[in-house]
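One file, target_3.cif, carrying mmCIF, C-alpha atoms and all ligand atoms:
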data_target
loop_
_atom_site.label_atom_id
_atom_site.label_comp_id
_atom_site.auth_asym_id
_atom_site.auth_seq_id
_atom_site.Cartn_x
_atom_site.Cartn_y
_atom_site.Cartn_z
CA MET E 11 0.00 0.00 0.00
CA ASN E 12 1.41 3.40 -1.00
CA ASN E 13 -0.84 5.62 1.08
CA LEU E 14 -1.89 3.56 4.10
CA LEU E 15 -0.07 2.21 7.13
CA MET E 16 -1.43 -0.53 9.37
CA GLU E 17 -0.31 -1.82 12.76
CA VAL E 18 -2.06 -4.64 14.58
CA GLU E 19 -1.70 -5.25 18.31
CA ASN E 20 -4.04 -6.76 20.90
CA GLU E 21 -6.76 -7.33 18.27
CA ILE E 22 -6.76 -3.61 17.39
CA ALA E 23 -5.70 -2.40 13.93
CA VAL E 24 -4.55 1.20 13.66
CA VAL E 25 -4.96 2.21 10.01
CA THR E 26 -3.25 5.48 9.14
CA ILE E 27 -3.94 7.47 5.99
CA ASN E 28 -0.46 8.49 5.01
CA ARG E 29 -0.14 11.29 2.45
CA PRO E 30 1.32 13.95 4.73
CA LYS E 31 2.47 16.22 1.90
CA ALA E 32 -1.18 16.63 0.86
CA LEU E 33 -2.45 16.67 4.47
CA ASN E 34 -3.70 13.10 3.86
CA ALA E 35 -6.14 14.15 1.12
CA LEU E 36 -7.99 11.24 -0.46
CA ASN E 37 -7.10 10.51 -4.07
CA THR E 38 -8.47 7.54 -6.01
CA GLU E 39 -5.46 5.38 -5.18
CA THR E 40 -5.94 5.92 -1.44
CA ILE E 41 -9.65 5.12 -1.59
CA VAL E 42 -8.99 1.93 -3.56
CA GLU E 43 -6.24 0.91 -1.12
CA LEU E 44 -8.54 1.59 1.82
CA ASN E 45 -11.25 -0.58 0.30
CA GLU E 46 -8.78 -3.45 -0.23
CA CYS E 47 -7.32 -3.03 3.25
CA LEU E 48 -10.80 -3.15 4.84
CA LYS E 49 -11.68 -6.26 2.79
CA ASP E 50 -8.59 -7.98 4.22
CA ILE E 51 -9.46 -6.88 7.75
CA GLU E 52 -13.04 -8.18 7.40
CA ALA E 53 -11.62 -11.64 6.68
CA ARG E 54 -9.39 -11.62 9.77
CA ASP E 55 -10.52 -12.99 13.13
CA ASP E 56 -7.55 -11.44 14.94
CA ILE E 57 -8.79 -7.86 14.44
CA LYS E 58 -11.84 -6.78 16.44
CA VAL E 59 -11.56 -2.99 16.33
CA VAL E 60 -10.16 -0.64 13.66
CA ILE E 61 -8.89 2.80 14.64
CA LEU E 62 -8.66 5.08 11.60
CA THR E 63 -6.39 8.11 11.80
CA GLY E 64 -4.22 10.42 9.69
CA SER E 65 -0.45 10.74 9.71
CA GLY E 66 1.25 13.74 11.30
CA GLN E 67 0.16 16.23 13.92
CA LYS E 68 -1.82 18.59 11.72
CA SER E 69 -4.39 16.76 9.66
CA PHE E 70 -6.67 13.76 9.87
CA VAL E 71 -7.81 14.05 6.23
CA ALA E 72 -8.01 17.45 4.46
CA GLY E 73 -10.66 16.23 2.03
CA ALA E 74 -10.83 14.62 -1.35
CA ASP E 75 -7.80 15.45 -3.48
CA ILE E 76 -8.52 18.77 -5.17
CA SER E 77 -5.64 18.37 -7.64
CA GLU E 78 -7.35 15.21 -8.93
CA MET E 79 -10.94 16.57 -8.86
CA VAL E 80 -9.99 19.73 -10.76
CA HIS E 81 -9.63 17.59 -13.93
CA GLN E 82 -12.77 15.48 -13.45
CA ASN E 83 -15.76 15.70 -15.79
CA PRO E 84 -19.25 14.77 -14.50
CA ALA E 85 -18.86 11.05 -15.29
CA GLU E 86 -15.46 10.93 -13.59
CA GLY E 87 -16.79 12.85 -10.59
CA ARG E 88 -19.66 10.38 -10.26
CA ALA E 89 -17.26 7.43 -10.53
CA PHE E 90 -15.04 9.00 -7.84
CA GLY E 91 -18.08 9.40 -5.57
CA LEU E 92 -19.11 5.78 -6.15
CA LYS E 93 -15.60 4.49 -5.31
CA ALA E 94 -15.83 6.32 -2.01
CA LYS E 95 -19.38 5.03 -1.50
CA GLU E 96 -18.07 1.47 -1.73
CA ALA E 97 -15.06 1.98 0.57
CA PHE E 98 -16.89 4.15 3.11
CA GLY E 99 -19.89 1.80 3.06
CA ARG E 100 -17.53 -1.07 3.87
CA LEU E 101 -16.11 0.96 6.75
CA GLU E 102 -19.59 1.72 8.01
CA ASN E 103 -20.95 -1.82 7.86
CA MET E 104 -17.95 -4.11 8.39
CA ARG E 105 -18.26 -6.60 11.25
CA GLN E 106 -15.36 -4.99 13.15
CA VAL E 107 -15.99 -1.85 15.20
CA THR E 108 -14.46 1.28 13.65
CA ILE E 109 -13.35 4.37 15.56
CA ALA E 110 -12.14 7.57 13.86
CA ALA E 111 -9.28 9.13 15.81
CA VAL E 112 -9.50 12.63 14.37
CA ASN E 113 -6.09 14.19 14.89
CA GLY E 114 -6.46 17.53 13.07
CA PHE E 115 -8.27 18.79 9.96
CA ALA E 116 -11.29 16.69 9.02
CA LEU E 117 -12.49 18.64 6.02
CA GLY E 118 -14.83 17.57 3.23
CA GLY E 119 -14.02 13.93 2.53
CA GLY E 120 -12.16 13.90 5.87
CA CYS E 121 -15.28 14.75 7.84
CA GLU E 122 -17.17 12.30 5.63
CA ILE E 123 -14.81 9.36 6.18
CA SER E 124 -14.93 9.99 9.94
CA MET E 125 -18.74 9.84 9.79
CA SER E 126 -18.54 6.38 8.22
CA CYS E 127 -16.88 5.06 11.36
CA ASP E 128 -18.99 3.82 14.27
CA PHE E 129 -17.99 6.87 16.30
CA ARG E 130 -15.41 9.64 16.46
CA VAL E 131 -12.89 10.78 19.07
CA ALA E 132 -11.20 14.13 18.37
CA SER E 133 -7.97 15.68 19.53
CA ASP E 134 -8.41 19.20 20.89
CA ASN E 135 -6.80 20.72 17.75
CA ALA E 136 -9.23 18.95 15.39
CA LYS E 137 -11.33 21.04 13.03
CA PHE E 138 -14.34 19.85 11.04
CA ALA E 139 -15.95 21.37 7.95
CA GLN E 140 -17.73 20.59 4.72
CA PRO E 141 -16.02 23.21 2.50
CA GLU E 142 -17.30 21.86 -0.84
CA THR E 143 -19.80 24.57 -1.80
CA GLY E 144 -16.93 27.06 -1.60
CA LEU E 145 -15.22 25.00 -4.32
CA GLY E 146 -18.36 24.99 -6.45
CA ILE E 147 -19.26 21.36 -5.74
CA ILE E 148 -21.28 19.55 -3.07
CA PRO E 149 -20.09 17.00 -0.53
CA GLY E 150 -19.66 13.82 -2.55
CA PHE E 151 -18.51 11.19 -0.06
CA GLY E 152 -21.63 11.10 2.12
CA GLY E 153 -21.75 14.58 3.69
CA THR E 154 -25.25 15.48 2.55
CA GLN E 155 -26.55 12.13 3.79
CA ARG E 156 -24.58 11.15 6.89
CA LEU E 157 -24.15 14.60 8.47
CA PRO E 158 -27.91 15.36 8.80
CA ARG E 159 -28.48 11.84 10.12
CA LEU E 160 -25.72 12.25 12.72
CA VAL E 161 -26.30 15.80 13.94
CA ASN E 162 -29.53 17.55 12.99
CA LYS E 163 -30.80 18.77 9.66
CA GLY E 164 -30.45 22.47 10.46
CA ILE E 165 -26.89 22.19 11.77
CA ALA E 166 -25.88 20.04 8.80
CA LYS E 167 -27.39 22.53 6.37
CA GLU E 168 -25.66 25.47 8.03
CA MET E 169 -22.29 23.66 7.92
CA ILE E 170 -22.73 22.69 4.26
CA TYR E 171 -24.07 26.07 3.09
CA THR E 172 -21.54 28.25 5.00
CA CYS E 173 -18.46 25.92 4.86
CA ASP E 174 -17.68 27.17 8.41
CA MET E 175 -14.92 25.27 10.18
CA ILE E 176 -15.99 24.11 13.64
CA SER E 177 -13.77 23.28 16.60
CA ALA E 178 -13.49 19.90 18.29
CA GLN E 179 -15.45 21.35 21.23
CA ARG E 180 -18.28 22.48 18.94
CA ALA E 181 -18.21 19.05 17.22
CA TYR E 182 -18.67 17.51 20.69
CA GLU E 183 -21.57 19.86 21.48
CA ILE E 184 -23.46 18.90 18.29
CA GLY E 185 -22.83 15.18 18.81
CA LEU E 186 -20.42 14.75 15.90
CA VAL E 187 -17.70 13.44 18.23
CA ASN E 188 -18.03 11.43 21.44
CA HIS E 189 -14.89 12.70 23.21
CA VAL E 190 -12.28 15.44 22.93
CA VAL E 191 -8.80 14.62 24.29
CA SER E 192 -5.30 16.01 23.89
CA GLN E 193 -3.40 15.07 20.75
CA ASP E 194 -0.86 13.05 22.76
CA GLU E 195 -3.59 10.97 24.37
CA LEU E 196 -5.71 10.39 21.27
CA ILE E 197 -4.63 6.93 20.10
CA ASP E 198 -4.22 5.50 23.62
CA PHE E 199 -7.65 6.84 24.56
CA CYS E 200 -9.17 5.13 21.50
CA LYS E 201 -7.29 1.93 22.35
CA LYS E 202 -8.79 1.99 25.85
CA ILE E 203 -12.30 2.21 24.41
CA ALA E 204 -11.38 -0.54 21.94
CA ALA E 205 -10.18 -2.79 24.79
CA LYS E 206 -13.52 -2.36 26.60
CA ILE E 207 -15.36 -3.35 23.41
CA ILE E 208 -13.07 -6.36 22.79
CA ASP E 209 -13.77 -7.57 26.33
CA LYS E 210 -17.45 -8.02 25.39
CA GLY E 211 -18.88 -10.65 23.07
CA SER E 212 -17.42 -9.68 19.68
CA TYR E 213 -20.08 -11.54 17.73
CA ALA E 214 -22.79 -9.89 19.82
CA VAL E 215 -21.20 -6.46 19.25
CA SER E 216 -21.14 -7.05 15.48
CA ILE E 217 -24.80 -8.15 15.52
CA ALA E 218 -25.70 -5.06 17.59
CA LYS E 219 -23.89 -2.94 14.96
CA GLN E 220 -25.92 -4.59 12.22
CA ALA E 221 -29.18 -4.02 14.13
CA ILE E 222 -28.37 -0.33 14.67
CA ASN E 223 -27.18 0.36 11.11
CA MET E 224 -29.97 -1.53 9.36
CA GLY E 225 -32.61 -0.35 11.83
CA LEU E 226 -31.82 3.32 11.21
CA ASP E 227 -32.85 2.80 7.57
CA MET E 228 -36.22 1.30 8.60
CA ASP E 229 -39.37 2.48 10.28
CA LEU E 230 -39.51 1.72 14.02
CA ASN E 231 -41.85 -1.25 13.72
CA ASN E 232 -39.64 -3.05 11.17
CA GLY E 233 -36.54 -2.08 13.14
CA LEU E 234 -38.00 -3.67 16.27
CA THR E 235 -38.85 -6.84 14.33
CA LEU E 236 -35.29 -6.95 12.98
CA GLU E 237 -34.01 -6.53 16.54
CA ALA E 238 -36.21 -9.37 17.85
CA ASN E 239 -34.93 -11.65 15.06
CA LEU E 240 -31.28 -10.83 15.72
CA PHE E 241 -31.83 -11.06 19.49
CA GLY E 242 -33.18 -14.58 18.86
CA LEU E 243 -30.14 -15.41 16.73
CA THR E 244 -27.75 -14.47 19.55
CA MET E 245 -29.47 -17.04 21.81
CA SER E 246 -27.80 -19.74 19.70
CA THR E 247 -24.18 -18.75 20.43
CA ASN E 248 -21.52 -20.26 22.67
CA ASP E 249 -20.96 -16.77 24.09
CA LYS E 250 -24.58 -16.58 25.24
CA LYS E 251 -24.23 -19.93 27.00
CA GLU E 252 -20.92 -18.98 28.59
CA GLY E 253 -21.88 -15.38 29.47
CA MET E 254 -25.15 -16.29 31.17
CA THR E 255 -23.87 -19.45 32.86
CA ALA E 256 -20.86 -17.56 34.22
CA PHE E 257 -23.18 -14.89 35.61
CA LEU E 258 -25.39 -17.46 37.33
CA GLU E 259 -22.39 -19.38 38.66
CA LYS E 260 -20.85 -16.08 39.88
CA ARG E 261 -17.58 -16.65 38.03
CA GLY E 262 -15.56 -14.84 35.38
CA ARG E 263 -16.41 -15.43 31.73
CA THR E 264 -14.47 -15.98 28.51
CA LEU E 265 -16.31 -14.92 25.37
CA THR E 266 -14.81 -16.16 22.11
CA ASP E 267 -17.41 -15.97 19.31
CA PHE E 268 -16.73 -13.65 16.39
N1 LIG E 301 -6.45 18.16 -1.86
C1 LIG E 301 -5.20 18.23 -2.38
N2 LIG E 301 -4.16 18.82 -1.75
C2 LIG E 301 -4.41 19.36 -0.54
C3 LIG E 301 -5.69 19.34 0.06
C4 LIG E 301 -6.73 18.69 -0.66
N3 LIG E 301 -7.97 18.56 -0.17
N4 LIG E 301 -5.62 19.96 1.24
C5 LIG E 301 -4.35 20.37 1.38
N5 LIG E 301 -3.62 20.02 0.31
C6 LIG E 301 -2.21 20.28 0.05
C7 LIG E 301 -1.98 21.72 -0.34
O1 LIG E 301 -2.25 21.91 -1.71
C8 LIG E 301 -0.52 21.88 0.01
O2 LIG E 301 0.25 21.29 -0.99
P1 LIG E 301 1.61 22.04 -1.53
O3 LIG E 301 2.51 22.05 -0.32
O4 LIG E 301 2.10 21.13 -2.61
O5 LIG E 301 1.19 23.40 -1.97
C9 LIG E 301 -0.36 21.02 1.25
O6 LIG E 301 -1.47 20.12 1.26
C10 LIG E 301 -0.42 21.81 2.53
O7 LIG E 301 -1.59 22.58 2.52
P2 LIG E 301 -1.62 24.17 2.79
O8 LIG E 301 -0.32 24.80 2.35
O9 LIG E 301 -2.88 24.71 2.20
O10 LIG E 301 -1.67 24.19 4.38
P3 LIG E 301 -2.32 25.30 5.32
O11 LIG E 301 -1.89 24.97 6.70
O12 LIG E 301 -2.06 26.65 4.79
O13 LIG E 301 -3.92 25.04 5.19
C11 LIG E 301 -5.91 23.70 5.09
C12 LIG E 301 -4.48 23.83 5.63
C13 LIG E 301 -6.81 24.74 5.75
C14 LIG E 301 -6.40 22.31 5.43
C15 LIG E 301 -5.89 23.92 3.56
O14 LIG E 301 -4.90 23.07 2.98
C16 LIG E 301 -7.18 23.63 2.89
O15 LIG E 301 -8.10 24.45 2.95
N6 LIG E 301 -7.29 22.46 2.19
C17 LIG E 301 -8.44 22.13 1.42
C18 LIG E 301 -9.57 21.70 2.30
C19 LIG E 301 -10.81 21.39 1.48
O16 LIG E 301 -11.37 22.25 0.81
N7 LIG E 301 -11.27 20.14 1.55
C20 LIG E 301 -12.45 19.69 0.86
C21 LIG E 301 -12.08 19.13 -0.47
S1 LIG E 301 -13.53 18.83 -1.45
C22 LIG E 301 -14.08 17.31 -0.95
O17 LIG E 301 -13.63 16.73 0.02
C23 LIG E 301 -15.19 16.80 -1.81
C24 LIG E 301 -15.92 15.63 -1.28
O18 LIG E 301 -16.82 15.71 -0.47
C25 LIG E 301 -15.62 14.35 -1.81
#
Would you mind writing the structure in this file as structure tokens?
Amino acid sequence: MNNLLMEVENEIAVVTINRPKALNALNTETIVELNECLKDIEARDDIKVVILTGSGQKSFVAGADISEMVHQNPAEGRAFGLKAKEAFGRLENMRQVTIAAVNGFALGGGCEISMSCDFRVASDNAKFAQPETGLGIIPGFGGTQRLPRLVNKGIAKEMIYTCDMISAQRAYEIGLVNHVVSQDELIDFCKKIAAKIIDKGSYAVSIAKQAINMGLDMDLNNGLTLEANLFGLTMSTNDKKEGMTAFLEKRGRTLTDF
């Protein structure tokens, strides 16, 4: 991989977007590499949580690569958007939990890729924006769809229409990020959350993720039926047997399903 780094330790993969000269902007090559990297991770049982971050101290991802987009015609722009749709959709729905460790600028495609993760943790120097309308385009990697679903419609519209950059603190206030920590602490903080998640039933966590993601695209009644079905499915697992028996026998438990 030319533009990605990956380290795996204690069932946690830290995937780093590594184009520091362009503040980690996403070109086609990086998006294709990310998609391939996530496919490989999905097939691995030794990775339970993915932490996605950007290289350097300044930028998480400064957006889609403007030097590539400047040459795109409508068909190429659409194809670029669809490549990101595939990779970001994989990130959003993969069985592993994904955490965005936002270590600086998360602009345009950077804000959008962070929103495809299960949740976001920001360093105190992080800045978020959807600057696309200032470039004469619209957000093309999910911003018009995921931002209003994550925050509220009015806040999303204001961000997209004004291109205003918001601080990590403001991102916390609107619910875009779950935590704000110092830059030095960021990855360790995310690893601590990851360790808590890994301690739980990994198969159950991935089924919960599926219930939440699919349910949000349904009306409440169908979502509740989906939940009942998946709840029933989890009754069949070794983890359910072990987790409940251990509770009743007042002993520690070892959950292994994934
Ligand atoms: N694409 C390509 N290159 C980028 C880039 C991007 N999105 N963002 C930064 N860079 C490059 C710069 O061109 C510059 O390269 P050179 O050294 O070769 O000139 C290098 O990264 C450093 O950037 P700056 O000199 O601009 O650094 P700065 O500290 O002065 O400013 C910044 C930092 C505010 C992030 C500024 O770089 C910036 O505004 N970047 C663009 C942000 C943006 O508009 N992102 C949205 C892109 S559109 C999009 O993402 C569409 C979509 O939804 C899919």
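Summary of the local environment: counting only C-alpha atoms, residues at most 9 Å from Thr108 in chain E, other than itself and those fewer than 3 positions away along its chain, are Lys58, Val59, Val60, Ile61, Leu62, Leu101, Glu102, Met104, Ser126, Cys127, Asp128, Phe129 and Arg130 of chain E.
Near ligand LIG 301 (chain E), the residues found within 6 Å are Lys31, Ala32, Leu33, Ala35, Ala72, Gly73, Ala74, Asp75, Ile76, Ser77, Leu117, Gly118, Gly119, Pro141, Glu142, Pro149, Gly150 and Phe151 of chain E (criterion computed using only C-alpha atoms and all ligand atoms).
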If the box runs along x, y and z of the file and leaves 3 Å on each side of range 189-200 of chain E, what are its centre and edge lengths in Å, one decimal, as lines of an AutoDock Vina configuration file?
center_x = -7.9
center_y = 10.6
center_z = 22.3
size_x = 20.0
size_y = 16.9
size_z = 10.5
May I ask which of the residues E:Ala205, E:Leu265, E:Cys173, E:Val187 is the closest one to Lys251 in chain E, counting all atoms listed in the file? E:Leu265
Computed interatomic separation between CA of Ser133 in chain E and CA of Asn113 in chain E (Å): 5.2 Å
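Nearest residue to Asn135 in chain E, choosing from E:Phe90, E:Asp194, E:Asn188, E:Met79 and counting all atoms listed in the file: E:Asp194.
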Report as a ChimeraX atom specification all protein, DNA and RNA residues lying within 12 Å of range 36-43 of chain E, evaluated on all atoms listed in the file, omitting residues in the same chain fewer than 4 positions from it. /E:11-16,25-32,47-50,64,70-80,82,86-87,89-101,116-123,151
List the neighbours of Cys200 in chain E out to 8 Å using only C-alpha atoms; skip same-chain residues closer than 4 positions along the sequence, and give me the result as a PyMOL selection string. chain E and resi 61+109+111+131+196+204
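When all atoms listed in the file are used to measure the gap to Asp267 in chain E, the shortest distance among E:Ala110, E:Ala132, E:Leu226, E:Val215 belongs to E:Val215.
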